[in-house]
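Here is the file upload.csv (CSV, C-alpha atoms and all ligand atoms).
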chain,number,residue,atom,x,y,z
A,280,MET,CA,0.0,0.0,0.0
A,281,ALA,CA,2.7,2.5,1.1
A,282,GLY,CA,4.7,1.6,-2.0
A,283,ALA,CA,1.8,2.5,-4.3
A,284,ALA,CA,1.1,5.8,-2.5
A,285,LEU,CA,4.7,6.8,-2.7
A,286,ARG,CA,4.9,6.1,-6.4
A,287,GLY,CA,6.3,9.1,-8.3
A,288,CYS,CA,7.9,10.7,-5.3
A,289,PRO,CA,11.7,10.9,-5.4
A,290,ARG,CA,13.0,8.6,-2.6
A,291,ALA,CA,15.8,11.0,-1.9
A,292,LEU,CA,13.4,13.6,-0.4
A,293,PRO,CA,13.6,14.3,3.4
A,294,LEU,CA,10.8,12.4,5.2
A,295,PRO,CA,8.4,15.3,5.8
A,296,LEU,CA,8.6,16.3,2.1
A,297,LEU,CA,8.2,12.7,1.0
A,298,LEU,CA,5.0,12.4,3.1
A,299,LEU,CA,3.8,15.7,1.6
A,300,CYS,CA,4.5,14.5,-1.9
A,301,ALA,CA,2.7,11.2,-1.2
A,302,ALA,CA,-0.3,13.1,0.3
A,303,ALA,CA,-0.5,15.4,-2.8
A,304,GLY,CA,-0.3,12.3,-5.0
A,305,SER,CA,-3.1,10.5,-3.3
A,306,LEU,CA,-5.2,13.7,-3.2
A,307,VAL,CA,-5.3,14.0,-7.0
A,308,GLY,CA,-5.7,10.3,-7.2
A,309,ALA,CA,-3.1,10.1,-9.9
A,310,GLN,CA,0.6,10.9,-10.3
A,311,VAL,CA,0.9,13.3,-13.3
A,312,THR,CA,4.3,13.6,-14.9
A,313,SER,CA,4.7,16.1,-17.7
A,314,GLU,CA,7.5,17.0,-20.0
A,315,THR,CA,8.0,19.2,-23.1
A,316,LYS,CA,9.5,18.0,-26.3
A,317,GLN,CA,10.6,20.1,-29.3
A,318,VAL,CA,11.0,18.5,-32.7
A,319,PRO,CA,11.5,19.8,-36.2
A,320,GLU,CA,8.6,19.6,-38.6
A,321,ASN,CA,8.4,16.4,-40.8
A,322,SER,CA,10.6,14.4,-38.4
A,323,GLU,CA,9.8,11.0,-36.7
A,324,VAL,CA,8.8,11.4,-33.0
A,325,ASP,CA,8.4,9.1,-30.1
A,326,ILE,CA,6.1,10.2,-27.3
A,327,PRO,CA,6.6,8.1,-24.1
A,328,CYS,CA,3.9,7.1,-21.8
A,329,THR,CA,5.7,7.3,-18.5
A,330,ALA,CA,2.5,6.5,-16.6
A,331,TYR,CA,2.8,2.9,-17.9
A,332,LYS,CA,4.9,0.5,-15.7
A,333,TYR,CA,5.9,-3.0,-16.6
A,334,SER,CA,4.7,-4.1,-13.1
A,335,MET,CA,1.1,-3.2,-13.9
A,336,SER,CA,-1.2,-6.1,-14.2
A,337,ASN,CA,-3.7,-6.0,-17.1
A,338,PRO,CA,-3.4,-2.2,-17.8
A,339,ARG,CA,-5.8,-0.3,-20.0
A,340,ILE,CA,-4.2,2.5,-21.9
A,341,GLU,CA,-5.8,5.6,-23.4
A,342,TRP,CA,-4.2,8.4,-25.3
A,343,LYS,CA,-5.7,11.9,-25.7
A,344,PHE,CA,-4.6,14.9,-27.7
A,345,GLN,CA,-5.3,18.3,-26.4
A,346,LYS,CA,-5.0,21.4,-28.5
A,347,GLY,CA,-6.4,24.6,-27.0
A,348,THR,CA,-9.8,23.7,-25.8
A,349,SER,CA,-10.3,20.7,-28.0
A,350,LEU,CA,-9.7,17.2,-26.7
A,351,VAL,CA,-9.4,14.3,-29.2
A,352,LEU,CA,-9.1,10.6,-28.5
A,353,LEU,CA,-6.0,9.1,-30.1
A,354,TYR,CA,-5.9,5.6,-28.7
A,355,TYR,CA,-9.0,4.1,-27.2
A,356,GLY,CA,-10.4,0.6,-26.8
A,357,ASN,CA,-7.2,-1.1,-27.8
A,358,GLU,CA,-7.0,0.8,-31.1
A,359,LEU,CA,-5.8,4.0,-32.7
A,360,THR,CA,-8.6,6.3,-33.9
A,361,GLU,CA,-9.2,7.0,-37.6
A,362,PRO,CA,-7.0,10.1,-38.3
A,363,TYR,CA,-4.0,8.5,-36.5
A,364,LYS,CA,-4.2,4.9,-37.8
A,365,ASN,CA,-1.9,5.3,-40.8
A,366,ARG,CA,0.8,7.5,-39.2
A,367,VAL,CA,1.1,6.3,-35.6
A,368,GLN,CA,2.4,3.1,-34.1
A,369,PHE,CA,1.3,2.1,-30.6
A,370,THR,CA,3.2,0.2,-28.0
A,371,SER,CA,2.5,0.1,-24.2
A,372,THR,CA,5.4,2.4,-23.5
A,373,ASN,CA,5.0,4.9,-26.3
A,374,ILE,CA,3.4,6.1,-29.5
A,375,ARG,CA,5.5,6.9,-32.5
A,376,PHE,CA,4.6,9.3,-35.3
A,377,SER,CA,6.2,8.5,-38.6
A,378,THR,CA,6.2,12.2,-39.4
A,379,VAL,CA,4.8,15.2,-37.6
A,380,THR,CA,3.4,18.5,-39.0
A,381,ARG,CA,2.7,21.8,-37.2
A,382,GLU,CA,-0.9,20.6,-36.7
A,383,ASP,CA,0.5,18.0,-34.2
A,384,THR,CA,1.7,20.7,-31.8
A,385,GLY,CA,-0.2,20.2,-28.5
A,386,LYS,CA,-0.4,18.1,-25.4
A,387,TYR,CA,-0.4,14.3,-25.5
A,388,ILE,CA,-2.0,12.7,-22.4
A,389,CYS,CA,-1.5,9.0,-21.6
A,390,GLU,CA,-3.9,7.6,-19.0
A,391,VAL,CA,-3.3,4.1,-17.6
A,392,VAL,CA,-5.8,2.2,-15.5
A,393,ASP,CA,-4.4,-1.0,-14.1
A,394,GLY,CA,-6.2,-4.1,-12.8
A,395,SER,CA,-6.6,-2.7,-9.3
A,396,SER,CA,-8.3,0.5,-10.7
A,397,GLN,CA,-5.2,2.7,-10.0
A,398,ILE,CA,-5.1,5.5,-12.5
A,399,SER,CA,-1.9,7.1,-13.5
A,400,LYS,CA,-1.4,9.8,-16.1
A,401,SER,CA,1.5,11.3,-18.0
A,402,GLU,CA,1.6,14.3,-20.3
A,403,VAL,CA,4.0,15.4,-23.1
A,404,SER,CA,3.7,18.8,-24.6
A,405,LEU,CA,4.9,18.5,-28.1
A,406,ILE,CA,6.1,21.6,-29.9
A,407,VAL,CA,6.7,21.0,-33.6
A,408,GLN,CA,9.2,23.6,-34.6
A,409,VAL,CA,8.3,26.1,-37.3
A,410,PRO,CA,10.3,29.2,-38.1
A,411,PRO,CA,8.5,32.5,-37.9
A,412,SER,CA,6.9,34.0,-41.0
A,413,LYS,CA,7.3,37.6,-41.9
A,414,PRO,CA,5.6,39.6,-39.1
A,415,VAL,CA,3.2,42.5,-39.7
A,416,ALA,CA,3.9,45.8,-37.9
A,417,HIS,CA,0.7,47.6,-37.0
A,418,VAL,CA,1.9,51.2,-36.7
A,419,PRO,CA,-0.4,54.3,-36.8
A,420,SER,CA,0.7,56.8,-39.4
A,421,SER,CA,0.2,59.6,-37.0
A,422,ALA,CA,0.1,59.9,-33.2
A,423,THR,CA,-0.8,62.9,-31.1
A,424,ILE,CA,2.0,64.2,-28.8
A,425,GLY,CA,1.0,63.7,-25.2
A,426,SER,CA,-1.4,60.9,-25.9
A,427,LYS,CA,-0.8,57.1,-25.8
A,428,ALA,CA,0.1,55.1,-28.9
A,429,VAL,CA,0.3,51.3,-29.1
A,430,LEU,CA,2.2,49.6,-31.9
A,431,ARG,CA,1.7,45.9,-32.5
A,432,CYS,CA,3.8,43.2,-34.1
A,433,THR,CA,1.9,40.1,-35.2
A,434,GLU,CA,3.1,36.7,-36.6
A,435,THR,CA,1.1,33.5,-36.9
A,436,ASP,CA,3.3,30.6,-37.9
A,437,GLY,CA,6.2,30.5,-35.5
A,438,SER,CA,6.4,27.6,-33.1
A,439,PRO,CA,7.4,27.9,-30.3
A,440,PRO,CA,5.8,31.3,-30.3
A,441,PRO,CA,8.4,33.9,-31.3
A,442,THR,CA,9.6,36.9,-29.3
A,443,PHE,CA,9.5,40.4,-30.8
A,444,ARG,CA,11.9,43.3,-31.1
A,445,TRP,CA,11.3,46.8,-32.5
A,446,TYR,CA,13.5,49.1,-34.5
A,447,ARG,CA,13.2,52.8,-35.2
A,448,ASP,CA,15.2,54.1,-38.1
A,449,THR,CA,17.0,50.8,-38.2
A,450,MET,CA,18.2,51.2,-34.5
A,451,LEU,CA,17.3,48.4,-32.1
A,452,MET,CA,15.0,49.8,-29.4
A,453,PRO,CA,16.3,48.8,-25.9
A,454,SER,CA,13.7,47.6,-23.4
A,455,ASP,CA,14.5,50.7,-21.2
A,456,PRO,CA,14.7,53.9,-23.3
A,457,LYS,CA,16.6,55.7,-20.6
A,458,THR,CA,19.6,53.4,-21.1
A,459,SER,CA,20.2,54.7,-24.6
A,460,LEU,CA,21.4,58.1,-25.9
A,461,THR,CA,19.2,57.7,-29.0
A,462,PHE,CA,16.0,56.8,-27.2
A,463,ARG,CA,16.4,58.6,-23.8
A,464,ASN,CA,13.9,61.3,-24.8
A,465,SER,CA,11.2,58.7,-25.5
A,466,SER,CA,8.9,57.2,-23.0
A,467,TYR,CA,7.8,53.7,-24.0
A,468,THR,CA,7.5,50.1,-22.8
A,469,LEU,CA,8.2,47.0,-24.8
A,470,ASP,CA,6.6,43.6,-24.4
A,471,SER,CA,8.7,41.1,-26.2
A,472,THR,CA,6.1,38.3,-25.7
A,473,THR,CA,3.1,40.1,-27.1
A,474,GLY,CA,5.0,42.3,-29.5
A,475,GLU,CA,3.4,45.5,-28.1
A,476,LEU,CA,5.3,48.7,-28.1
A,477,THR,CA,3.5,51.4,-26.1
A,478,PHE,CA,4.4,55.0,-26.1
A,479,GLU,CA,3.0,56.9,-23.1
A,480,PRO,CA,3.1,59.7,-23.7
A,481,VAL,CA,4.1,60.2,-27.4
A,482,THR,CA,6.8,62.8,-27.8
A,483,SER,CA,8.0,64.7,-30.8
A,484,PHE,CA,11.1,62.5,-30.7
A,485,ASP,CA,9.0,59.4,-31.6
A,486,THR,CA,8.5,60.3,-35.3
A,487,GLY,CA,10.4,57.8,-37.4
A,488,ASP,CA,10.4,54.6,-39.5
A,489,TYR,CA,9.5,51.6,-37.5
A,490,TYR,CA,9.7,47.9,-38.1
A,491,CYS,CA,9.6,44.8,-35.9
A,492,GLU,CA,11.3,41.5,-35.9
A,493,ALA,CA,10.1,38.0,-34.8
A,494,SER,CA,12.4,35.3,-33.8
A,495,ASN,CA,12.3,31.9,-32.1
A,496,ASN,CA,14.9,29.2,-31.8
A,497,VAL,CA,14.1,27.9,-35.3
A,498,GLY,CA,15.3,29.4,-38.5
A,499,SER,CA,16.3,33.0,-39.0
A,500,PRO,CA,14.6,36.1,-37.5
A,501,GLN,CA,12.1,37.7,-39.8
A,502,LYS,CA,11.6,41.5,-40.3
A,503,SER,CA,8.3,43.3,-41.0
A,504,ASP,CA,7.9,46.1,-43.6
A,505,THR,CA,8.8,49.6,-42.4
A,506,VAL,CA,6.0,51.9,-41.4
A,507,HIS,CA,6.4,55.6,-40.8
A,508,MET,CA,4.8,57.2,-37.7
A,509,GLU,CA,4.5,60.9,-37.4
A,510,ALA,CA,4.1,62.5,-34.0
A,511,ASN,CA,1.8,65.5,-34.3
A,512,GLU,CA,0.9,68.4,-31.9
A,513,VAL,CA,-2.7,67.8,-32.6
A,514,ASN,CA,-4.3,65.2,-34.7
A,515,VAL,CA,-4.1,67.3,-37.9
A,516,GLY,CA,-4.7,64.3,-40.2
A,517,GLY,CA,-7.9,63.4,-38.3
A,518,ILE,CA,-9.3,67.0,-38.4
A,519,VAL,CA,-8.5,67.4,-42.1
A,520,ALA,CA,-10.1,64.0,-42.9
A,521,ALA,CA,-13.2,65.0,-40.8
A,522,VAL,CA,-13.5,68.4,-42.6
A,523,VAL,CA,-13.1,66.7,-46.1
A,524,VAL,CA,-15.7,64.1,-45.3
A,525,LEU,CA,-18.1,66.8,-43.9
A,526,LEU,CA,-17.6,68.9,-47.1
A,527,MET,CA,-18.2,65.9,-49.3
A,528,VAL,CA,-21.4,65.0,-47.4
A,529,LEU,CA,-22.6,68.6,-47.7
A,530,ALA,CA,-21.8,68.7,-51.4
A,531,LEU,CA,-23.7,65.4,-51.9
A,532,ILE,CA,-26.7,66.7,-50.0
A,533,ALA,CA,-26.7,70.0,-52.1
A,534,PHE,CA,-26.3,68.0,-55.3
A,535,GLY,CA,-29.2,65.7,-54.2
A,536,ILE,CA,-31.5,68.7,-53.5
A,537,TRP,CA,-30.5,70.4,-56.8
A,538,PHE,CA,-31.0,67.1,-58.7
A,539,ALA,CA,-34.4,66.5,-57.1
A,540,TYR,CA,-35.5,70.1,-57.7
A,541,SER,CA,-34.4,70.0,-61.4
A,542,ARG,CA,-36.2,66.8,-62.0
A,543,GLY,CA,-39.3,68.4,-60.5
A,544,TYR,CA,-39.7,66.2,-57.4
A,545,PHE,CA,-40.9,69.4,-55.7
A,546,LYS,CA,-44.1,71.2,-56.8
A,547,ARG,CA,-44.8,68.7,-59.6
A,548,LYS,CA,-47.9,70.4,-61.0
A,549,ASP,CA,-46.2,73.8,-61.5
A,550,THR,CA,-43.2,72.4,-63.3
A,551,THR,CA,-45.2,70.4,-65.9
A,552,SER,CA,-47.2,73.5,-66.9
A,553,LYS,CA,-44.0,75.5,-67.1
A,554,LYS,CA,-42.4,72.9,-69.4
A,555,VAL,CA,-45.1,73.4,-71.9
A,556,ILE,CA,-44.7,77.1,-71.8
A,557,TYR,CA,-40.9,76.9,-72.2
A,558,SER,CA,-41.0,74.5,-75.1
A,559,GLN,CA,-43.3,76.5,-77.2
A,560,PRO,CA,-41.1,79.6,-77.5
A,561,SER,CA,-38.0,77.5,-78.1
A,562,HIS,CA,-39.7,75.8,-81.1
A,563,ARG,CA,-40.9,79.1,-82.3
A,564,SER,CA,-37.6,80.8,-82.1
A,565,GLU,CA,-36.0,77.9,-84.0
A,566,GLY,CA,-38.6,78.2,-86.7
A,567,GLU,CA,-38.1,82.0,-86.8
A,568,PHE,CA,-34.3,81.5,-87.2
A,569,LYS,CA,-34.8,79.0,-90.1
A,570,GLN,CA,-37.1,81.4,-91.8
A,571,THR,CA,-34.8,84.3,-91.4
A,572,SER,CA,-31.9,82.3,-92.7
A,573,SER,CA,-33.7,81.0,-95.7
A,574,PHE,CA,-34.9,84.5,-96.4
A,575,LEU,CA,-31.3,85.7,-96.3
A,576,VAL,CA,-30.3,83.0,-98.8
B,1,LIG,C1,16.8,65.0,-26.2
B,1,LIG,O1,16.3,66.3,-25.7
B,1,LIG,C2,17.3,67.2,-25.5
B,1,LIG,C3,16.7,68.4,-24.9
B,1,LIG,O2,15.5,68.8,-25.6
B,1,LIG,C4,18.0,67.5,-26.9
B,1,LIG,O3,19.0,68.5,-26.7
B,1,LIG,C5,18.6,66.3,-27.5
B,1,LIG,O4,19.1,66.5,-28.8
B,1,LIG,C6,17.5,65.2,-27.5
B,1,LIG,N1,18.1,63.9,-27.9
B,1,LIG,C7,17.7,63.2,-28.9
B,1,LIG,C8,18.5,61.9,-29.2
B,1,LIG,O5,16.8,63.5,-29.7
Kindly return the structure encoded in the file as structure tokens.
Amino acid sequence: MAGAALRGCPRALPLPLLLLCAAAGSLVGAQVTSETKQVPENSEVDIPCTAYKYSMSNPRIEWKFQKGTSLVLLYYGNELTEPYKNRVQFTSTNIRFSTVTREDTGKYICEVVDGSSQISKSEVSLIVQVPPSKPVAHVPSSATIGSKAVLRCTETDGSPPPTFRWYRDTMLMPSDPKTSLTFRNSSYTLDSTTGELTFEPVTSFDTGDYYCEASNNVGSPQKSDTVHMEANEVNVGGIVAAVVVLLMVLALIAFGIWFAYSRGYFKRKDTTSKKVIYSQPSHRSEGEFKQTSSFLV
């Protein structure tokens, strides 16, 4: 009994810690071991089930694959499920992928129930390595001095998730602007994990050409396109745009009214009678002109 309860606890621990470890193990009812494994894309991969022990009598093994919030059965009822049949080999101690793609990144959970209904569980977080793709720098073209501006760098392929760096006018921006002669007049914070560069407040020194760079431990770092940001006293661009839009709307309304008026949508009866009056003298004048001209010839 004691041996089973102590399973998974390092025997080298001092006795109080050993008892604590055993208590924690029996509380969750299962000893969970977890590890992380990084492999290149398209390589062959072994994922061990450390929960399985040769000493187990009549063990029942289940494999699950967890990615985000989805959980998929991989091995169940003594067989591999459909999407894995052709590319995975099963043994009691491990599963082997003949080749992995980026879609296989996620957590592989092995659960073993032995004859005496003891459950043990082990997890492997698999990261299929993918180099970062070209990131996109989201930079506002203008920012108001004294306000806050957030620049974002995004990248979707990299695995493990890349970290980000920012450059202004090809100069690497240090995480603390005060440490640099070039950036000491700026006030910003950098988050290398999310890729966010926050100016608070924006100063006139923050005008420049910005790009960001994404890198992980695979392949070479990737740079975004360069985007210019202009720090303005007031949001001149915004005001100009608003005025232009307002003028266009007013012009459109004026044109609409003129158009409706000229087509006679207002005071319909009056305009039809006027038309008749107008058309008669015009015909007459044409006729008069012809007569005059023929008379002249
Ligand atoms: C920082 O500000 C000081 C004082 O306004 C100015 O003399 C200096 O040139 C600025 N430094 C940079 C790098 O723009």
Which protein, DNA or RNA residues have an atom at most 7 Å from (-5.0, 8.0, -14.5), counting all atoms listed in the file? List them as a list in words.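 Final list of nearby residues, as requested, is Ala309, Glu390, Val391, Val392, Gln397, Ile398, Ser399 and Lys400 of chain A.
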How many Å separate CA of Ser395 in chain A from CA of Thr312 in chain A?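 These two atoms are separated by 20.4 Å.
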Exercise answer, 7 Å around ligand LIG 1 (chain B) with all atoms listed in the file, as a PyMOL selection string: chain A and resi 460-464+484
Check the smallest atom-to-atom distance from each of A:Asp488, A:Asp455, A:Glu475, A:Asp383 to Thr442 in chain A using only C-alpha atoms, then report the winner.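 Looking at the shortest contact to Thr442 in chain A, the residue is A:Glu475.
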What does the structure give for the distance between CA of Trp342 in chain A and CA of Ser322 in chain A, in Å to one decimal?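 Those two atoms sit 20.7 Å apart.
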Work out how far apart CA of Leu451 in chain A and CA of Ser494 in chain A are and give it in Å to one decimal.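 Those two atoms sit 14.1 Å apart.
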Between A:Val403, A:Val418, A:Val497, A:Val528, which one has atoms that come closest to Thr315 in chain A, using all atoms listed in the file? A:Val403
Non-local contacts of Ile326 in chain A (12 Å; all atoms listed in the file; under 4 positions in same chain excluded) as a ChimeraX atom specification: /A:313-318,330,342,344,367-377,379,383,385-389,401-406
Near range 501-521 of chain A, 7 Å: range 386-473 of chain A residue rows, closest pairs, all atoms listed in the file, as CSV:
residue,atom,partner,partner_atom,distance
A:Pro411,CA,A:Gln501,CA,6.6
A:Ser412,CA,A:Gln501,CA,6.5
A:Lys413,CA,A:Gln501,CA,5.2
A:Pro414,CA,A:Ser503,CA,5.0
A:Val415,CA,A:Ser503,CA,5.3
A:Ala416,CA,A:Ser503,CA,5.9
A:Val418,CA,A:Val506,CA,6.3
A:Pro419,CA,A:Met508,CA,6.0
A:Ser420,CA,A:Met508,CA,4.5
A:Ser421,CA,A:Glu509,CA,4.5
A:Ala422,CA,A:Ala510,CA,4.8
A:Thr423,CA,A:Asn511,CA,4.9
A:Ile424,CA,A:Glu512,CA,5.3
Excluding Ser426 in chain A and any residue of its chain fewer than 3 positions from it, enumerate the residues within 9 Å of it, using only C-alpha atoms, and give them as a list in words.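 Here the answer would be Ala422, Thr423, Phe478, Glu479, Pro480, Val481 and Thr482 of chain A.
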